[in-house]
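Structure file structure22.txt (compact mmCIF, C-alpha atoms) is printed below.
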```txt
# COMPACT_ATOMS: atom_id res chain seq x y z
CA MET A 1 132.10 44.73 164.45
CA ASP A 2 131.63 42.26 167.27
CA GLY A 3 133.35 44.02 170.16
CA GLU A 4 132.83 47.37 171.73
CA LYS A 5 134.68 50.34 170.27
CA VAL A 6 135.68 53.25 172.53
CA ILE A 7 136.48 56.72 171.17
CA ARG A 8 137.86 59.32 173.54
CA LEU A 9 137.06 62.80 172.34
CA HIS A 10 139.60 65.58 172.72
CA VAL A 11 137.54 68.60 173.67
CA ASN A 12 138.54 71.92 172.18
CA ARG A 13 135.76 74.47 172.49
CA LYS A 14 136.78 76.17 169.23
CA ASP A 15 136.20 72.94 167.26
CA PHE A 16 132.63 72.77 168.53
CA GLU A 17 132.01 76.52 168.10
CA GLU A 18 133.12 76.40 164.46
CA ILE A 19 130.28 74.00 163.75
CA TYR A 20 127.54 75.27 166.07
CA PHE A 21 128.11 78.93 165.19
CA SER A 22 128.92 78.57 161.48
CA GLY A 23 127.29 80.99 159.07
CA ASN A 24 124.91 83.41 160.75
CA GLN A 25 123.62 80.95 163.35
CA THR A 26 124.14 83.41 166.22
CA SER A 27 122.87 86.52 164.44
CA LEU A 28 119.61 87.55 166.06
CA PHE A 29 118.19 89.14 162.90
CA PHE A 30 119.85 87.17 160.10
CA SER A 31 120.15 83.60 161.37
CA PRO A 32 118.46 80.95 159.22
CA THR A 33 115.54 81.02 161.67
CA THR A 34 114.99 84.79 161.61
CA ARG A 35 116.24 85.98 158.20
CA GLY A 36 112.91 85.64 156.37
CA LYS A 37 110.94 87.21 159.20
CA THR A 38 113.39 90.14 159.39
CA ILE A 39 113.11 90.83 155.68
CA THR A 40 109.30 90.52 155.73
CA THR A 41 109.06 92.87 158.72
CA ALA A 42 111.34 95.40 157.02
CA VAL A 43 109.31 95.32 153.77
CA VAL A 44 105.98 95.69 155.58
CA GLY A 45 107.49 98.48 157.71
CA LEU A 46 108.65 100.28 154.58
CA ILE A 47 105.18 99.96 153.02
CA LEU A 48 103.64 101.29 156.23
CA LEU A 49 106.07 104.22 156.25
CA ILE A 50 105.18 105.09 152.63
CA LEU A 51 101.48 104.90 153.46
CA PHE A 52 101.98 107.26 156.40
CA PHE A 53 103.70 109.78 154.12
CA PHE A 54 100.78 109.65 151.70
CA LYS A 55 97.96 109.25 154.23
CA ASP A 56 96.58 112.71 153.40
CA ASP A 57 96.08 111.55 149.79
CA LEU A 58 94.02 108.49 150.82
CA SER A 59 90.27 108.75 150.66
CA LYS A 60 88.21 107.75 153.68
CA GLU A 61 87.27 104.49 151.94
CA LYS A 62 90.92 103.56 151.41
CA PHE A 63 92.07 104.59 154.88
CA GLY A 64 91.42 101.01 156.05
CA ILE A 65 94.52 99.97 154.08
CA LEU A 66 96.62 101.92 156.57
CA TYR A 67 95.05 100.05 159.47
CA PHE A 68 95.46 96.71 157.72
CA VAL A 69 99.16 97.29 156.96
CA SER A 70 99.67 98.51 160.55
CA PHE A 71 98.15 95.23 161.77
CA LEU A 72 100.41 93.24 159.41
CA PHE A 73 103.45 95.12 160.69
CA LEU A 74 102.50 94.39 164.28
CA LEU A 75 101.98 90.72 163.43
CA CYS A 76 105.37 90.54 161.67
CA THR A 77 107.16 92.15 164.62
CA VAL A 78 105.57 89.67 167.05
CA TYR A 79 106.68 86.69 164.92
CA LEU A 80 110.14 88.22 164.54
CA SER A 81 110.49 88.77 168.29
CA LEU A 82 109.45 85.14 168.96
CA SER A 83 112.10 83.92 166.50
CA ILE A 84 114.74 86.20 168.03
CA ASN A 85 113.86 84.79 171.45
CA LYS A 86 114.22 81.24 170.07
CA VAL A 87 117.68 82.00 168.63
CA SER A 88 118.72 83.69 171.87
CA ARG A 89 117.64 80.70 173.97
CA TRP A 90 119.38 78.28 171.57
CA LYS A 91 122.61 80.30 171.78
CA LYS A 92 122.40 80.32 175.59
CA GLU A 93 121.88 76.53 175.70
CA VAL A 94 124.78 75.89 173.30
CA ASN A 95 127.08 78.10 175.38
CA LYS A 96 126.01 76.25 178.53
CA TYR A 97 126.75 72.92 176.80
CA LEU A 98 130.13 74.16 175.54
CA LYS A 99 131.00 75.32 179.06
CA SER A 100 130.22 71.83 180.36
CA LEU A 101 132.50 70.39 177.66
CA GLU A 102 135.34 72.70 178.68
CA ASP A 103 135.08 71.48 182.26
CA SER A 104 134.87 67.81 181.28
CA LYS A 105 137.41 65.27 182.42
CA ILE A 106 135.90 62.37 180.47
CA TYR A 107 134.17 62.57 177.10
CA GLU A 108 133.96 59.28 175.30
CA ILE A 109 131.77 57.32 172.95
CA ARG A 110 131.25 53.57 173.31
CA PHE A 111 129.41 51.61 170.66
CA ASN A 112 128.89 48.22 169.11
CA ASN A 113 126.33 46.83 166.69
CA GLU A 114 123.46 47.22 169.18
CA ILE A 115 124.15 50.21 171.40
CA PHE A 116 125.57 53.71 171.36
CA ASN A 117 126.74 55.17 174.67
CA VAL A 118 128.05 58.69 175.37
CA ASN A 119 129.88 59.31 178.64
CA LEU A 120 130.42 62.93 179.68
CA ASN A 121 131.91 63.17 183.18
CA HIS A 122 130.33 59.87 184.24
CA GLN A 123 126.87 60.97 183.06
CA GLU A 124 126.06 58.32 180.54
CA GLU A 125 123.38 58.38 177.87
CA LEU A 126 122.65 54.96 176.43
CA SER A 127 120.79 54.52 173.14
CA LYS A 128 120.04 51.73 170.77
CA TRP A 129 120.83 52.39 167.13
CA GLU A 130 117.14 52.26 166.26
CA ASP A 131 116.55 55.20 168.64
CA PHE A 132 118.25 57.47 166.09
CA LYS A 133 116.01 58.88 163.37
CA ASP A 134 118.52 60.84 161.29
CA PHE A 135 122.22 61.47 160.93
CA ASP A 136 124.55 63.77 159.02
CA VAL A 137 128.10 62.77 158.14
CA ASN A 138 130.40 65.18 156.33
CA ASN A 139 134.03 66.32 156.33
CA GLU A 140 133.56 68.56 159.38
CA PHE A 141 131.38 66.64 161.83
CA ILE A 142 128.99 63.79 162.54
CA SER A 143 125.57 64.55 163.96
CA LEU A 144 122.96 62.14 165.27
CA GLU A 145 119.31 62.94 165.95
CA GLY A 146 116.89 60.85 167.92
CA LYS A 147 116.26 60.09 171.58
CA PHE A 148 119.37 62.18 172.25
CA ASN A 149 121.04 64.57 169.79
CA TYR A 150 124.80 64.64 169.32
CA MET A 151 127.38 66.45 167.25
CA PHE A 152 130.99 65.28 167.14
CA PRO A 153 133.58 67.39 165.29
CA LYS A 154 136.05 65.50 163.15
CA LYS A 155 138.86 67.48 164.81
CA SER A 156 138.00 66.02 168.24
CA MET A 157 139.06 62.47 167.30
CA SER A 158 141.63 60.64 165.23
CA LYS A 159 141.01 59.98 161.53
CA ALA A 160 140.74 56.23 162.18
CA ASP A 161 138.18 56.77 164.96
CA TYR A 162 136.19 59.19 162.77
CA ASP A 163 136.12 56.72 159.89
CA SER A 164 135.14 53.86 162.21
CA LEU A 165 132.28 55.88 163.72
CA LYS A 166 131.15 57.03 160.27
CA GLN A 167 131.02 53.46 158.92
CA THR A 168 129.19 52.17 161.99
CA ILE A 169 126.59 54.93 161.77
CA LYS A 170 125.97 54.33 158.08
CA LYS A 171 125.59 50.61 158.74
CA ASN A 172 123.31 50.85 161.80
CA ILE A 173 121.03 53.83 161.12
CA LYS A 174 118.43 53.47 158.41
CA GLU A 175 117.72 56.65 156.46
```
This entry written out as structure tokens:
Amino acid sequence: MDGEKVIRLHVNRKDFEEIYFSGNQTSLFFSPTTRGKTITTAVVGLILLILFFFKDDLSKEKFGILYFVSFLFLLCTVYLSLSINKVSRWKKEVNKYLKSLEDSKIYEIRFNNEIFNVNLNHQEELSKWEDFKDFDVNNEFISLEGKFNYMFPKKSMSKADYDSLKQTIKKNIKE
């Protein structure tokens, strides 16, 4: 491709939400980020509860187990709360971004063999292809990770534009 290709994206918030919020991404306790920590905290909490029921049967030498499991439970809840905070902040940022997309007048991608430019309401982000470290192309969306991170739903552009962008990405970004 010698010339510059321009793709105008048709913004529909639902198209972006389907991808960003797929699965349990927005669940505070069972998102991919927090699921393991939630289960671990619940198991340690259950063990602690059982130990409390049988604390009268513990000898003085084994009473330290109760303190140790209490400490583990506290540690698990701290890590879980940090992960919940991370998911909450991510969700807030995504909603802010989606709101900016809803209000956009211009959302277009310009690219050639050297550069990749995204224009959102005259705020342009210019990258070289080598600035991107990773990409994901599937039947639902294209995502790019690097200096800037992008996700473009297939539904927001024509099939020809999607295929053109997909081929250009595969050609210009080294995995």
What's the 12 Å shell around Leu144 of chain A, counting all atoms listed in the file, without same-chain residues fewer than 3 positions away, as a VMD selection string? chain A and resid 116 118 127 129 to 137 141 147 to 153 165 to 166 169 to 170 172 to 175
Measuring between all atoms listed in the file, which one of A:Leu75, A:Val11, A:Val69, A:Leu49 shows the shortest distance to Ser104 of chain A? A:Val11
Work out how far apart atom CA of Ile142 of chain A and atom CA of Phe29 of chain A are and give it in Å to one decimal. 27.6 Å
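Residues with any atom within 10 Å of Ile106 of chain A, counting all atoms listed in the file and excluding same-chain neighbours fewer than 5 positions away, are A:Arg8, A:Leu9, A:His10, A:Val11, A:Leu101, A:Asn119, A:Leu120, A:Asn121, A:His122, A:Gln123.
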Would you save the residues from that selection as a short mmCIF file (atom, residue, chain, number, x, y, z; two decimals), in the frame of the given file, using C-alpha atoms?
```
data_model
loop_
_atom_site.label_atom_id
_atom_site.label_comp_id
_atom_site.auth_asym_id
_atom_site.auth_seq_id
_atom_site.Cartn_x
_atom_site.Cartn_y
_atom_site.Cartn_z
CA ARG A 8 137.86 59.32 173.54
CA LEU A 9 137.06 62.80 172.34
CA HIS A 10 139.60 65.58 172.72
CA VAL A 11 137.54 68.60 173.67
CA LEU A 101 132.50 70.39 177.66
CA ASN A 119 129.88 59.31 178.64
CA LEU A 120 130.42 62.93 179.68
CA ASN A 121 131.91 63.17 183.18
CA HIS A 122 130.33 59.87 184.24
CA GLN A 123 126.87 60.97 183.06
#
```
Please measure the separation of atom CA of Leu80 of chain A and atom CA of Glu18 of chain A, giving the value in Å to one decimal. 25.8 Å
Atomic distance atom CA of Asp163 of chain A - atom CA of Phe111 of chain A, expressed in Å with one decimal: 13.7 Å
Would you list the residues near (110.0, 97.6, 156.0) (no more than 12 Å away, in the coordinates of the file, using only C-alpha atoms) as a short mmCIF file (atom, residue, chain, number, x, y, z; two decimals) with C-alpha atoms, keeping the file's coordinate frame?
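Below is the file that was written, point22.cif:
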```cif
data_model
loop_
_atom_site.label_atom_id
_atom_site.label_comp_id
_atom_site.auth_asym_id
_atom_site.auth_seq_id
_atom_site.Cartn_x
_atom_site.Cartn_y
_atom_site.Cartn_z
CA LYS A 37 110.94 87.21 159.20
CA THR A 38 113.39 90.14 159.39
CA ILE A 39 113.11 90.83 155.68
CA THR A 40 109.30 90.52 155.73
CA THR A 41 109.06 92.87 158.72
CA ALA A 42 111.34 95.40 157.02
CA VAL A 43 109.31 95.32 153.77
CA VAL A 44 105.98 95.69 155.58
CA GLY A 45 107.49 98.48 157.71
CA LEU A 46 108.65 100.28 154.58
CA ILE A 47 105.18 99.96 153.02
CA LEU A 48 103.64 101.29 156.23
CA LEU A 49 106.07 104.22 156.25
CA ILE A 50 105.18 105.09 152.63
CA LEU A 51 101.48 104.90 153.46
CA VAL A 69 99.16 97.29 156.96
CA SER A 70 99.67 98.51 160.55
CA LEU A 72 100.41 93.24 159.41
CA PHE A 73 103.45 95.12 160.69
CA LEU A 74 102.50 94.39 164.28
CA CYS A 76 105.37 90.54 161.67
CA THR A 77 107.16 92.15 164.62
#
```
Counting only C-alpha atoms, which residues sit no farther than 12 Å from the position (123.3, 80.8, 160.1) in the file's frame? I'd like them as a PyMOL selection string. chain A and resi 18-35+87+91
